[in-house]
>>> print(open('my_file_4.pdb').read())   # PDB, C-alpha atoms
MODEL        1
ATOM      1  CA  MET A   1      67.261 203.802 203.382
ATOM      2  CA  ASN A   2      68.859 200.395 202.903
ATOM      3  CA  ARG A   3      67.219 197.067 203.610
ATOM      4  CA  TYR A   4      68.775 196.706 207.042
ATOM      5  CA  MET A   5      67.367 200.055 208.185
ATOM      6  CA  LEU A   6      63.921 199.140 206.837
ATOM      7  CA  PHE A   7      64.177 195.817 208.671
ATOM      8  CA  LEU A   8      65.003 197.584 211.942
ATOM      9  CA  ILE A   9      62.118 200.021 211.509
ATOM     10  CA  ALA A  10      59.692 197.192 210.674
ATOM     11  CA  ARG A  11      60.872 195.282 213.747
ATOM     12  CA  ARG A  12      60.330 198.345 215.945
ATOM     13  CA  ALA A  13      56.845 198.823 214.465
ATOM     14  CA  GLY A  14      56.000 195.170 215.077
ATOM     15  CA  ALA A  15      57.205 195.434 218.663
ATOM     16  CA  GLY A  16      55.029 198.520 219.097
ATOM     17  CA  ILE A  17      51.921 196.713 217.812
ATOM     18  CA  LEU A  18      52.620 193.753 220.098
ATOM     19  CA  THR A  19      53.107 196.125 223.038
ATOM     20  CA  LEU A  20      49.813 197.843 222.255
ATOM     21  CA  LEU A  21      48.073 194.448 222.211
ATOM     22  CA  ILE A  22      49.541 193.610 225.627
ATOM     23  CA  VAL A  23      48.497 197.028 226.910
ATOM     24  CA  SER A  24      44.938 196.403 225.707
ATOM     25  CA  ALA A  25      44.751 193.183 227.725
ATOM     26  CA  VAL A  26      46.228 194.852 230.820
ATOM     27  CA  VAL A  27      43.891 197.831 230.516
ATOM     28  CA  PHE A  28      40.799 195.680 230.071
ATOM     29  CA  PHE A  29      41.499 193.325 232.956
ATOM     30  CA  ILE A  30      42.588 196.091 235.353
ATOM     31  CA  THR A  31      39.508 198.215 234.617
ATOM     32  CA  SER A  32      37.377 195.146 235.208
ATOM     33  CA  LEU A  33      38.862 194.913 238.701
ATOM     34  CA  LEU A  34      37.781 198.429 239.670
ATOM     35  CA  PRO A  35      35.717 198.337 242.875
ATOM     36  CA  GLY A  36      31.959 198.605 242.606
ATOM     37  CA  ASP A  37      29.368 197.340 240.163
ATOM     38  CA  ALA A  38      28.853 199.452 237.042
ATOM     39  CA  ALA A  39      25.195 198.421 236.766
ATOM     40  CA  GLN A  40      24.572 199.250 240.427
ATOM     41  CA  MET A  41      26.204 202.659 240.047
ATOM     42  CA  ILE A  42      24.106 203.466 236.977
ATOM     43  CA  LEU A  43      20.795 202.460 238.599
ATOM     44  CA  GLY A  44      21.553 203.728 242.094
ATOM     45  CA  GLN A  45      21.501 202.069 245.482
ATOM     46  CA  ASN A  46      17.690 201.762 245.527
ATOM     47  CA  ALA A  47      17.560 199.495 242.464
ATOM     48  CA  THR A  48      16.277 195.967 242.980
ATOM     49  CA  PRO A  49      18.561 192.980 242.401
ATOM     50  CA  GLU A  50      16.411 191.907 239.456
ATOM     51  CA  THR A  51      16.835 195.289 237.751
ATOM     52  CA  VAL A  52      20.588 195.259 238.359
ATOM     53  CA  ALA A  53      20.851 191.726 236.954
ATOM     54  CA  ALA A  54      18.880 192.730 233.859
ATOM     55  CA  LEU A  55      21.135 195.724 233.225
ATOM     56  CA  ARG A  56      24.241 193.609 233.728
ATOM     57  CA  GLN A  57      22.951 191.225 231.096
ATOM     58  CA  GLN A  58      22.159 194.123 228.756
ATOM     59  CA  LEU A  59      25.673 195.551 229.161
ATOM     60  CA  GLY A  60      27.266 192.111 228.778
ATOM     61  CA  LEU A  61      28.771 192.206 232.264
ATOM     62  CA  ASP A  62      27.400 188.753 233.058
ATOM     63  CA  GLN A  63      29.666 187.084 230.487
ATOM     64  CA  PRO A  64      33.054 185.559 231.373
ATOM     65  CA  LEU A  65      35.863 188.098 231.531
ATOM     66  CA  LEU A  66      37.925 186.494 228.767
ATOM     67  CA  MET A  67      34.939 186.396 226.407
ATOM     68  CA  ARG A  68      34.214 190.055 227.110
ATOM     69  CA  TYR A  69      37.829 190.951 226.329
ATOM     70  CA  PHE A  70      37.871 189.258 222.935
ATOM     71  CA  SER A  71      34.496 190.770 222.106
ATOM     72  CA  TRP A  72      35.784 194.234 223.049
ATOM     73  CA  LEU A  73      39.053 193.733 221.161
ATOM     74  CA  GLY A  74      37.230 192.543 218.048
ATOM     75  CA  GLY A  75      34.902 195.531 218.135
ATOM     76  CA  MET A  76      37.827 197.913 218.667
ATOM     77  CA  LEU A  77      39.665 196.504 215.634
ATOM     78  CA  GLN A  78      36.509 197.151 213.592
ATOM     79  CA  GLY A  79      36.162 200.712 214.880
ATOM     80  CA  ASP A  80      33.386 199.948 217.371
ATOM     81  CA  PHE A  81      34.479 201.139 220.812
ATOM     82  CA  GLY A  82      31.180 200.461 222.536
ATOM     83  CA  THR A  83      28.609 202.609 224.298
ATOM     84  CA  SER A  84      29.082 204.692 227.414
ATOM     85  CA  PHE A  85      27.527 203.158 230.529
ATOM     86  CA  ALA A  86      26.717 206.575 231.985
ATOM     87  CA  SER A  87      25.356 208.568 229.018
ATOM     88  CA  HIS A  88      24.356 205.692 226.685
ATOM     89  CA  LEU A  89      26.092 207.513 223.829
ATOM     90  CA  PRO A  90      28.761 206.055 221.534
ATOM     91  CA  VAL A  91      32.163 206.239 223.178
ATOM     92  CA  THR A  92      33.718 207.662 220.000
ATOM     93  CA  GLN A  93      31.291 210.588 220.162
ATOM     94  CA  LEU A  94      32.113 211.394 223.788
ATOM     95  CA  VAL A  95      35.862 211.031 223.363
ATOM     96  CA  GLY A  96      35.897 212.765 219.981
ATOM     97  CA  GLN A  97      34.558 215.941 221.589
ATOM     98  CA  ARG A  98      37.534 216.058 223.959
ATOM     99  CA  ILE A  99      40.380 215.163 221.578
ATOM    100  CA  PRO A 100      40.719 218.619 219.896
ATOM    101  CA  ALA A 101      41.153 220.349 223.263
ATOM    102  CA  THR A 102      43.904 217.957 224.353
ATOM    103  CA  LEU A 103      45.667 218.181 220.984
ATOM    104  CA  GLU A 104      45.487 221.971 221.164
ATOM    105  CA  LEU A 105      47.065 222.012 224.611
ATOM    106  CA  ALA A 106      49.768 219.552 223.531
ATOM    107  CA  GLY A 107      50.431 221.500 220.322
ATOM    108  CA  ILE A 108      50.815 224.856 222.068
ATOM    109  CA  THR A 109      53.145 223.291 224.634
ATOM    110  CA  THR A 110      55.259 221.690 221.904
ATOM    111  CA  VAL A 111      55.555 224.904 219.876
ATOM    112  CA  ILE A 112      56.798 226.783 222.948
ATOM    113  CA  CYS A 113      58.996 224.254 224.711
ATOM    114  CA  VAL A 114      60.949 222.788 221.755
ATOM    115  CA  PRO A 115      62.592 226.055 220.540
ATOM    116  CA  LEU A 116      63.128 227.196 224.121
ATOM    117  CA  ALA A 117      64.825 223.919 225.053
ATOM    118  CA  LEU A 118      67.069 224.081 221.967
ATOM    119  CA  VAL A 119      68.185 227.624 222.822
ATOM    120  CA  ILE A 120      68.917 226.727 226.458
ATOM    121  CA  GLY A 121      70.735 223.511 225.522
ATOM    122  CA  ILE A 122      72.890 225.178 222.843
ATOM    123  CA  LEU A 123      73.647 228.142 225.112
ATOM    124  CA  ALA A 124      74.748 225.843 227.937
ATOM    125  CA  ALA A 125      76.891 223.729 225.600
ATOM    126  CA  MET A 126      78.634 226.763 224.083
ATOM    127  CA  ASN A 127      79.474 228.061 227.572
ATOM    128  CA  ARG A 128      80.444 224.697 229.012
ATOM    129  CA  GLY A 129      82.043 224.956 232.439
ATOM    130  CA  SER A 130      81.099 228.599 232.924
ATOM    131  CA  ALA A 131      78.885 230.029 235.621
ATOM    132  CA  LEU A 132      76.022 230.290 233.129
ATOM    133  CA  ASP A 133      76.357 226.602 232.257
ATOM    134  CA  ARG A 134      76.400 225.573 235.904
ATOM    135  CA  PHE A 135      73.346 227.721 236.607
ATOM    136  CA  LEU A 136      71.410 226.234 233.672
ATOM    137  CA  VAL A 137      72.380 222.676 234.612
ATOM    138  CA  ILE A 138      71.330 223.139 238.233
ATOM    139  CA  ALA A 139      68.094 224.878 237.205
ATOM    140  CA  THR A 140      67.115 222.139 234.742
ATOM    141  CA  MET A 141      67.941 219.341 237.193
ATOM    142  CA  ALA A 142      65.939 221.056 239.933
ATOM    143  CA  THR A 143      62.984 221.564 237.579
ATOM    144  CA  VAL A 144      62.973 217.918 236.504
ATOM    145  CA  ALA A 145      62.991 216.849 240.166
ATOM    146  CA  VAL A 146      59.842 218.849 240.994
ATOM    147  CA  PRO A 147      56.579 217.009 240.156
ATOM    148  CA  GLU A 148      54.224 218.800 237.797
ATOM    149  CA  PHE A 149      51.308 218.795 240.251
ATOM    150  CA  LEU A 150      53.442 220.824 242.693
ATOM    151  CA  VAL A 151      54.422 223.264 239.942
ATOM    152  CA  ALA A 152      50.750 223.613 238.968
ATOM    153  CA  THR A 153      49.643 224.162 242.554
ATOM    154  CA  VAL A 154      52.281 226.827 243.196
ATOM    155  CA  ALA A 155      51.434 228.528 239.888
ATOM    156  CA  VAL A 156      47.749 228.659 240.828
ATOM    157  CA  LEU A 157      48.533 230.095 244.273
ATOM    158  CA  ILE A 158      50.816 232.794 242.862
ATOM    159  CA  PHE A 159      49.269 233.855 239.548
ATOM    160  CA  ALA A 160      45.583 233.070 240.166
ATOM    161  CA  VAL A 161      45.017 233.446 243.920
ATOM    162  CA  LYS A 162      47.560 236.117 244.910
ATOM    163  CA  LEU A 163      48.101 238.203 241.785
ATOM    164  CA  HIS A 164      44.763 237.525 240.041
ATOM    165  CA  TRP A 165      46.455 237.651 236.644
ATOM    166  CA  VAL A 166      44.768 234.523 235.290
ATOM    167  CA  SER A 167      41.962 232.167 236.242
ATOM    168  CA  ALA A 168      42.598 228.902 238.053
ATOM    169  CA  MET A 169      40.273 227.169 235.566
ATOM    170  CA  SER A 170      41.536 226.982 231.996
ATOM    171  CA  PHE A 171      39.397 226.541 228.915
ATOM    172  CA  GLY A 172      39.382 228.202 225.524
ATOM    173  CA  SER A 173      36.660 229.004 222.999
ATOM    174  CA  PRO A 174      36.779 230.063 219.332
ATOM    175  CA  ASP A 175      35.328 233.523 220.028
ATOM    176  CA  MET A 176      38.070 234.491 222.521
ATOM    177  CA  ASP A 177      40.322 237.467 221.853
ATOM    178  CA  LEU A 178      44.084 237.024 221.963
ATOM    179  CA  VAL A 179      44.566 238.252 225.530
ATOM    180  CA  SER A 180      41.824 235.993 226.909
ATOM    181  CA  TYR A 181      43.229 233.082 224.916
ATOM    182  CA  LEU A 182      46.708 233.595 226.367
ATOM    183  CA  LYS A 183      45.306 233.846 229.892
ATOM    184  CA  ALA A 184      43.294 230.653 229.435
ATOM    185  CA  TYR A 185      46.329 228.595 228.412
ATOM    186  CA  ALA A 186      49.048 230.352 230.424
ATOM    187  CA  LEU A 187      49.068 228.172 233.545
ATOM    188  CA  PRO A 188      48.673 224.676 232.019
ATOM    189  CA  VAL A 189      51.209 225.412 229.271
ATOM    190  CA  LEU A 190      53.645 226.948 231.777
ATOM    191  CA  THR A 191      53.412 223.885 234.008
ATOM    192  CA  LEU A 192      53.923 221.402 231.180
ATOM    193  CA  CYS A 193      56.779 223.421 229.688
ATOM    194  CA  CYS A 194      58.713 223.475 232.963
ATOM    195  CA  VAL A 195      59.437 219.760 232.974
ATOM    196  CA  LEU A 196      59.633 219.279 229.200
ATOM    197  CA  VAL A 197      62.022 222.179 228.595
ATOM    198  CA  ALA A 198      64.313 220.974 231.373
ATOM    199  CA  GLN A 199      64.460 217.420 229.991
ATOM    200  CA  MET A 200      65.034 218.427 226.373
ATOM    201  CA  ALA A 201      67.568 221.131 227.273
ATOM    202  CA  ARG A 202      69.727 218.671 229.224
ATOM    203  CA  MET A 203      69.714 216.151 226.370
ATOM    204  CA  THR A 204      70.398 218.861 223.771
ATOM    205  CA  ARG A 205      73.352 220.114 225.801
ATOM    206  CA  SER A 206      74.844 216.608 225.960
ATOM    207  CA  ALA A 207      74.392 216.043 222.208
ATOM    208  CA  ILE A 208      76.017 219.372 221.284
ATOM    209  CA  ILE A 209      78.930 218.826 223.687
ATOM    210  CA  ASN A 210      79.626 215.447 222.064
ATOM    211  CA  GLN A 211      79.930 217.227 218.715
ATOM    212  CA  LEU A 212      82.048 220.043 220.147
ATOM    213  CA  ASP A 213      84.640 217.466 221.216
ATOM    214  CA  SER A 214      84.900 216.103 217.657
ATOM    215  CA  PRO A 215      88.126 216.717 215.675
ATOM    216  CA  TYR A 216      86.304 218.235 212.680
ATOM    217  CA  LEU A 217      84.777 220.945 214.853
ATOM    218  CA  GLU A 218      88.089 221.720 216.542
ATOM    219  CA  MET A 219      89.597 222.122 213.068
ATOM    220  CA  ALA A 220      86.806 224.508 212.062
ATOM    221  CA  LEU A 221      87.447 226.629 215.149
ATOM    222  CA  LEU A 222      91.198 226.677 214.427
ATOM    223  CA  LYS A 223      90.445 227.974 210.920
ATOM    224  CA  GLY A 224      88.741 231.014 212.418
ATOM    225  CA  VAL A 225      85.068 229.967 212.291
ATOM    226  CA  SER A 226      83.129 231.710 215.050
ATOM    227  CA  PRO A 227      81.825 229.445 217.848
ATOM    228  CA  LEU A 228      78.188 230.286 217.078
ATOM    229  CA  ARG A 229      78.611 229.544 213.370
ATOM    230  CA  ALA A 230      80.474 226.316 214.173
ATOM    231  CA  VAL A 231      77.661 225.145 216.412
ATOM    232  CA  LEU A 232      74.812 226.120 214.080
ATOM    233  CA  ARG A 233      76.408 225.085 210.779
ATOM    234  CA  HIS A 234      78.418 222.023 211.847
ATOM    235  CA  ALA A 235      77.588 220.673 215.308
ATOM    236  CA  LEU A 236      73.805 221.074 215.232
ATOM    237  CA  PRO A 237      73.169 219.233 211.914
ATOM    238  CA  ASN A 238      75.280 216.286 213.102
ATOM    239  CA  ALA A 239      73.441 216.217 216.435
ATOM    240  CA  VAL A 240      69.980 216.185 214.843
ATOM    241  CA  GLY A 241      69.527 212.461 215.492
ATOM    242  CA  PRO A 242      70.139 212.492 219.270
ATOM    243  CA  ILE A 243      68.270 215.793 219.676
ATOM    244  CA  ALA A 244      65.234 214.579 217.706
ATOM    245  CA  ASN A 245      65.282 211.376 219.725
ATOM    246  CA  ALA A 246      65.374 213.383 222.951
ATOM    247  CA  ILE A 247      62.493 215.583 221.803
ATOM    248  CA  SER A 248      60.349 212.572 220.871
ATOM    249  CA  LEU A 249      61.011 210.872 224.197
ATOM    250  CA  SER A 250      60.276 214.061 226.121
ATOM    251  CA  LEU A 251      57.044 214.704 224.225
ATOM    252  CA  SER A 252      55.914 211.160 225.002
ATOM    253  CA  TYR A 253      55.927 212.258 228.649
ATOM    254  CA  LEU A 254      53.465 214.987 227.686
ATOM    255  CA  PHE A 255      50.572 212.519 227.451
ATOM    256  CA  GLY A 256      51.149 211.386 231.016
ATOM    257  CA  GLY A 257      51.578 214.838 232.478
ATOM    258  CA  VAL A 258      48.503 216.201 230.719
ATOM    259  CA  ILE A 259      46.277 213.942 232.855
ATOM    260  CA  ILE A 260      47.370 215.729 236.033
ATOM    261  CA  ILE A 261      47.320 219.174 234.431
ATOM    262  CA  GLU A 262      43.811 218.855 232.990
ATOM    263  CA  SER A 263      42.510 217.640 236.350
ATOM    264  CA  ILE A 264      44.082 220.501 238.305
ATOM    265  CA  PHE A 265      42.986 223.259 235.914
ATOM    266  CA  SER A 266      39.581 221.714 235.049
ATOM    267  CA  TYR A 267      40.594 221.714 231.401
ATOM    268  CA  PRO A 268      37.931 220.020 229.213
ATOM    269  CA  GLY A 269      40.250 217.582 227.466
ATOM    270  CA  LEU A 270      40.659 213.859 227.047
ATOM    271  CA  ALA A 271      42.443 213.393 230.372
ATOM    272  CA  SER A 272      39.640 215.017 232.372
ATOM    273  CA  ALA A 273      37.159 212.752 230.565
ATOM    274  CA  LEU A 274      39.267 209.794 231.688
ATOM    275  CA  VAL A 275      39.210 210.932 235.312
ATOM    276  CA  ASP A 276      35.429 211.459 235.221
ATOM    277  CA  ALA A 277      34.924 208.047 233.615
ATOM    278  CA  VAL A 278      36.969 206.354 236.339
ATOM    279  CA  SER A 279      34.849 208.076 239.003
ATOM    280  CA  ASN A 280      31.630 206.942 237.291
ATOM    281  CA  ARG A 281      33.047 203.490 236.490
ATOM    282  CA  ASP A 282      32.284 204.092 232.822
ATOM    283  CA  LEU A 283      34.501 201.257 231.603
ATOM    284  CA  PRO A 284      34.211 201.741 227.798
ATOM    285  CA  VAL A 285      35.299 205.389 228.090
ATOM    286  CA  VAL A 286      38.166 204.510 230.447
ATOM    287  CA  GLN A 287      39.411 201.760 228.140
ATOM    288  CA  LEU A 288      39.343 203.905 225.003
ATOM    289  CA  CYS A 289      41.038 206.888 226.687
ATOM    290  CA  VAL A 290      43.840 204.758 228.105
ATOM    291  CA  MET A 291      44.334 203.006 224.774
ATOM    292  CA  MET A 292      44.592 206.346 223.001
ATOM    293  CA  PHE A 293      47.197 207.637 225.466
ATOM    294  CA  ALA A 294      49.140 204.377 225.125
ATOM    295  CA  ALA A 295      48.971 204.511 221.316
ATOM    296  CA  CYS A 296      50.232 208.117 221.230
ATOM    297  CA  TYR A 297      53.051 207.219 223.613
ATOM    298  CA  LEU A 298      54.116 204.228 221.498
ATOM    299  CA  VAL A 299      53.934 206.256 218.268
ATOM    300  CA  LEU A 300      56.300 208.871 219.702
ATOM    301  CA  LEU A 301      58.677 206.140 220.880
ATOM    302  CA  LEU A 302      58.547 204.615 217.399
ATOM    303  CA  ILE A 303      59.360 208.010 215.872
ATOM    304  CA  ALA A 304      62.303 208.311 218.272
ATOM    305  CA  ASP A 305      63.567 204.859 217.214
ATOM    306  CA  ILE A 306      63.162 205.697 213.514
ATOM    307  CA  LEU A 307      65.094 208.945 213.912
ATOM    308  CA  THR A 308      67.850 207.142 215.810
ATOM    309  CA  ILE A 309      68.119 204.541 213.042
ATOM    310  CA  ALA A 310      67.913 207.076 210.227
ATOM    311  CA  PHE A 311      70.657 209.323 211.594
ATOM    312  CA  ASN A 312      73.011 206.510 212.650
ATOM    313  CA  PRO A 313      75.976 206.612 210.206
ATOM    314  CA  LYS A 314      76.771 202.906 210.702
ATOM    315  CA  TRP A 315      73.309 201.819 209.525
ATOM    316  CA  ARG A 316      73.219 204.330 206.640
ATOM    317  CA  SER A 317      76.326 202.848 205.049
TER     318      SER A 317
ENDMDL
END
>>> encode(input="my_file_4.pdb", output="structure tokens")
Amino acid sequence: MNRYMLFLIARRAGAGILTLLIVSAVVFFITSLLPGDAAQMILGQNATPETVAALRQQLGLDQPLLMRYFSWLGGMLQGDFGTSFASHLPVTQLVGQRIPATLELAGITTVICVPLALVIGILAAMNRGSALDRFLVIATMATVAVPEFLVATVAVLIFAVKLHWVSAMSFGSPDMDLVSYLKAYALPVLTLCCVLVAQMARMTRSAIINQLDSPYLEMALLKGVSPLRAVLRHALPNAVGPIANAISLSLSYLFGGVIIIESIFSYPGLASALVDAVSNRDLPVVQLCVMMFAACYLVLLLIADILTIAFNPKWRS
């Protein structure tokens, strides 16, 4: 990499850190505006005003909002994310128990949807203008237009309620056999893959078609190179940048969609912990969960920017 590319990457990273700082302020102030009193919810409606005031002082809720924000931000930068209002346990301990489950769900979805999207996108590009291409384009556009909660609901009604093939609640354990493991993750992974595969396939198709229209590829075809070999050996390597960028952007959507999926399927991941914390007004847990989702989203966007910069021929020269 030359200096200009390193400068662009450093500028993108700096913008990401600044964005994360702005997100932290927005998250903190919005969660502070949630209706209800956290101390009152912890103690119950029968608690006396004196007891509620004492607990508010203990939790630091009696301090000015701006002072609480800087105190929370300083602790977060030092690795101290506070204590849960509901369970009185460290927030890192509660959230840390849920992270592996969410990462497992995201990893399985990524392993399935990325190769599938590449195959569909390449197949549509190689048969551009044909009936197969039109069918794939219409199918992907229709899938993107359908919200994931509707896909999840229909999947539960068909495969869990009507056919009884899988359970409507999804959770895995280390002692599961392969069949039980596949049944546990079938519905949430299927729902997430529907939207992700459609998005990545459309972008892959566009990137491959741009390469197919290039003079060097037309020359290769005129020399007798088979279309499949021309796509795999020539078009695909030159389209790695746009395709990798599309994959990173699509996977960044995964962290938003997983919130809905975990709630619908009662999956014990980070998103379900966030929903429970919002219901209980457990502000430290809500703030950490949202910050983690925002950080993952920004990291994937940064990776997409780095790949775009790295594979841009103008900036490499």
>>> closest_atom_pairs(input="my_file_4.pdb", of="stretch 76-179 of chain A", to="stretch 55-69 of chain A", cutoff="12 Å", atoms="all atoms listed in the file", output="CSV")
residue,atom,partner,partner_atom,distance
A:Met76,CA,A:Tyr69,CA,10.4
A:Gly82,CA,A:Leu59,CA,9.9
A:Thr83,CA,A:Leu59,CA,9.1
A:Ser84,CA,A:Leu59,CA,9.9
A:Phe85,CA,A:Leu59,CA,7.9
A:Ala86,CA,A:Leu59,CA,11.4
A:His88,CA,A:Leu59,CA,10.5
>>> closest_residue(input="my_file_4.pdb", among="A:Leu249, A:Ala168, A:Leu274, A:Leu283", to="A:Asp305", atoms="all atoms listed in the file")
A:Leu249
>>> residues_around(input="my_file_4.pdb", residues="A:Val27", least_positions_apart="2", cutoff="10 Å", atoms="only C-alpha atoms", output="short mmCIF file (atom, residue, chain, number, x, y, z; two decimals) with C-alpha atoms, in the coordinates of the input")
data_model
loop_
_atom_site.label_atom_id
_atom_site.label_comp_id
_atom_site.auth_asym_id
_atom_site.auth_seq_id
_atom_site.Cartn_x
_atom_site.Cartn_y
_atom_site.Cartn_z
CA LEU A 21 48.07 194.45 222.21
CA ILE A 22 49.54 193.61 225.63
CA VAL A 23 48.50 197.03 226.91
CA SER A 24 44.94 196.40 225.71
CA ALA A 25 44.75 193.18 227.72
CA PHE A 29 41.50 193.32 232.96
CA ILE A 30 42.59 196.09 235.35
CA THR A 31 39.51 198.22 234.62
CA SER A 32 37.38 195.15 235.21
CA VAL A 286 38.17 204.51 230.45
CA GLN A 287 39.41 201.76 228.14
CA LEU A 288 39.34 203.90 225.00
CA VAL A 290 43.84 204.76 228.10
CA MET A 291 44.33 203.01 224.77
CA ALA A 294 49.14 204.38 225.12
#
>>> resolve_selection(input="my_file_4.pdb", expression="the PyMOL selection byres ((chain A and resi 111-117) around 6)", output="short mmCIF file (atom, residue, chain, number, x, y, z; two decimals) with C-alpha atoms, in the coordinates of the input")
data_model
loop_
_atom_site.label_atom_id
_atom_site.label_comp_id
_atom_site.auth_asym_id
_atom_site.auth_seq_id
_atom_site.Cartn_x
_atom_site.Cartn_y
_atom_site.Cartn_z
CA ILE A 108 50.82 224.86 222.07
CA THR A 109 53.14 223.29 224.63
CA THR A 110 55.26 221.69 221.90
CA LEU A 118 67.07 224.08 221.97
CA VAL A 119 68.18 227.62 222.82
CA ILE A 120 68.92 226.73 226.46
CA GLY A 121 70.74 223.51 225.52
CA CYS A 193 56.78 223.42 229.69
CA VAL A 197 62.02 222.18 228.60
CA MET A 200 65.03 218.43 226.37
CA ALA A 201 67.57 221.13 227.27
#
>>> atom_distance(input="my_file_4.pdb", atom1="atom CA of A:Trp165", atom2="atom CA of A:Tyr181")
13.0 Å
>>> resolve_selection(input="my_file_4.pdb", expression="the PyMOL selection byres ((chain A and resi 298-302) around 8)", output="ChimeraX atom specification")
/A:12-13,16,20,248-249,251-252,294-297,303-306
>>> closest_residue(input="my_file_4.pdb", among="A:Gly129, A:Pro100, A:Pro237, A:Pro215", to="A:Tyr267", atoms="only C-alpha atoms")
A:Pro100
>>> closest_residue(input="my_file_4.pdb", among="A:Ile261, A:Leu212, A:Thr308, A:Leu187", to="A:Ala244", atoms="only C-alpha atoms")
A:Thr308
>>> residues_around(input="my_file_4.pdb", residues="A:Val95", least_positions_apart="4", cutoff="10 Å", atoms="only C-alpha atoms", output="JSON, numbers by chain")
{"A": [90, 91, 99, 100, 269, 270, 271, 273, 274, 285, 286, 288, 289, 292]}
>>> resolve_selection(input="my_file_4.pdb", expression="the PyMOL selection byres ((chain A and resi 243) around 9)", output="PyMOL selection string")
chain A and resi 118+200+203-204+207-208+236+239-242+244-248
>>> atom_distance(input="my_file_4.pdb", atom1="atom CA of A:Leu163", atom2="atom CA of A:Leu136")
27.4 Å
>>> closest_residue(input="my_file_4.pdb", among="A:Ala220, A:Leu123, A:Val144, A:Ala101", to="A:Leu196", atoms="all atoms listed in the file")
A:Val144
>>> residues_around(input="my_file_4.pdb", residues="A:Ser167", least_positions_apart="2", cutoff="12 Å", atoms="only C-alpha atoms", output="JSON, numbers by chain")
{"A": [155, 156, 157, 158, 159, 160, 161, 162, 163, 164, 165, 169, 170, 171, 172, 180, 181, 182, 183, 184, 185, 186, 187, 188, 265, 266, 267]}
>>> closest_residue(input="my_file_4.pdb", among="A:Gln211, A:Thr140, A:Ser130, A:Thr102", to="A:Val189", atoms="only C-alpha atoms")
A:Thr102
>>> closest_atom_pairs(input="my_file_4.pdb", of="stretch 134-179 of chain A", to="stretch 254-257 of chain A", cutoff="10 Å", atoms="all atoms listed in the file", output="CSV")
residue,atom,partner,partner_atom,distance
A:Pro147,CA,A:Gly257,CA,9.4
A:Glu148,CA,A:Gly257,CA,7.1
A:Phe149,CA,A:Gly257,CA,8.7
>>> closest_residue(input="my_file_4.pdb", among="A:Val278, A:Ala198, A:Ala235, A:Leu43", to="A:Ser250", atoms="all atoms listed in the file")
A:Ala198
>>> atom_distance(input="my_file_4.pdb", atom1="atom CA of A:Val26", atom2="atom CA of A:Phe7")
28.5 Å
>>> axis_aligned_box(input="my_file_4.pdb", around="stretch 223-232 of chain A", padding_each_side="3 Å", output="JSON")
{"center_x": 82.6, "center_y": 228.4, "center_z": 214.4, "size_x": 21.6, "size_y": 12.6, "size_z": 12.9}
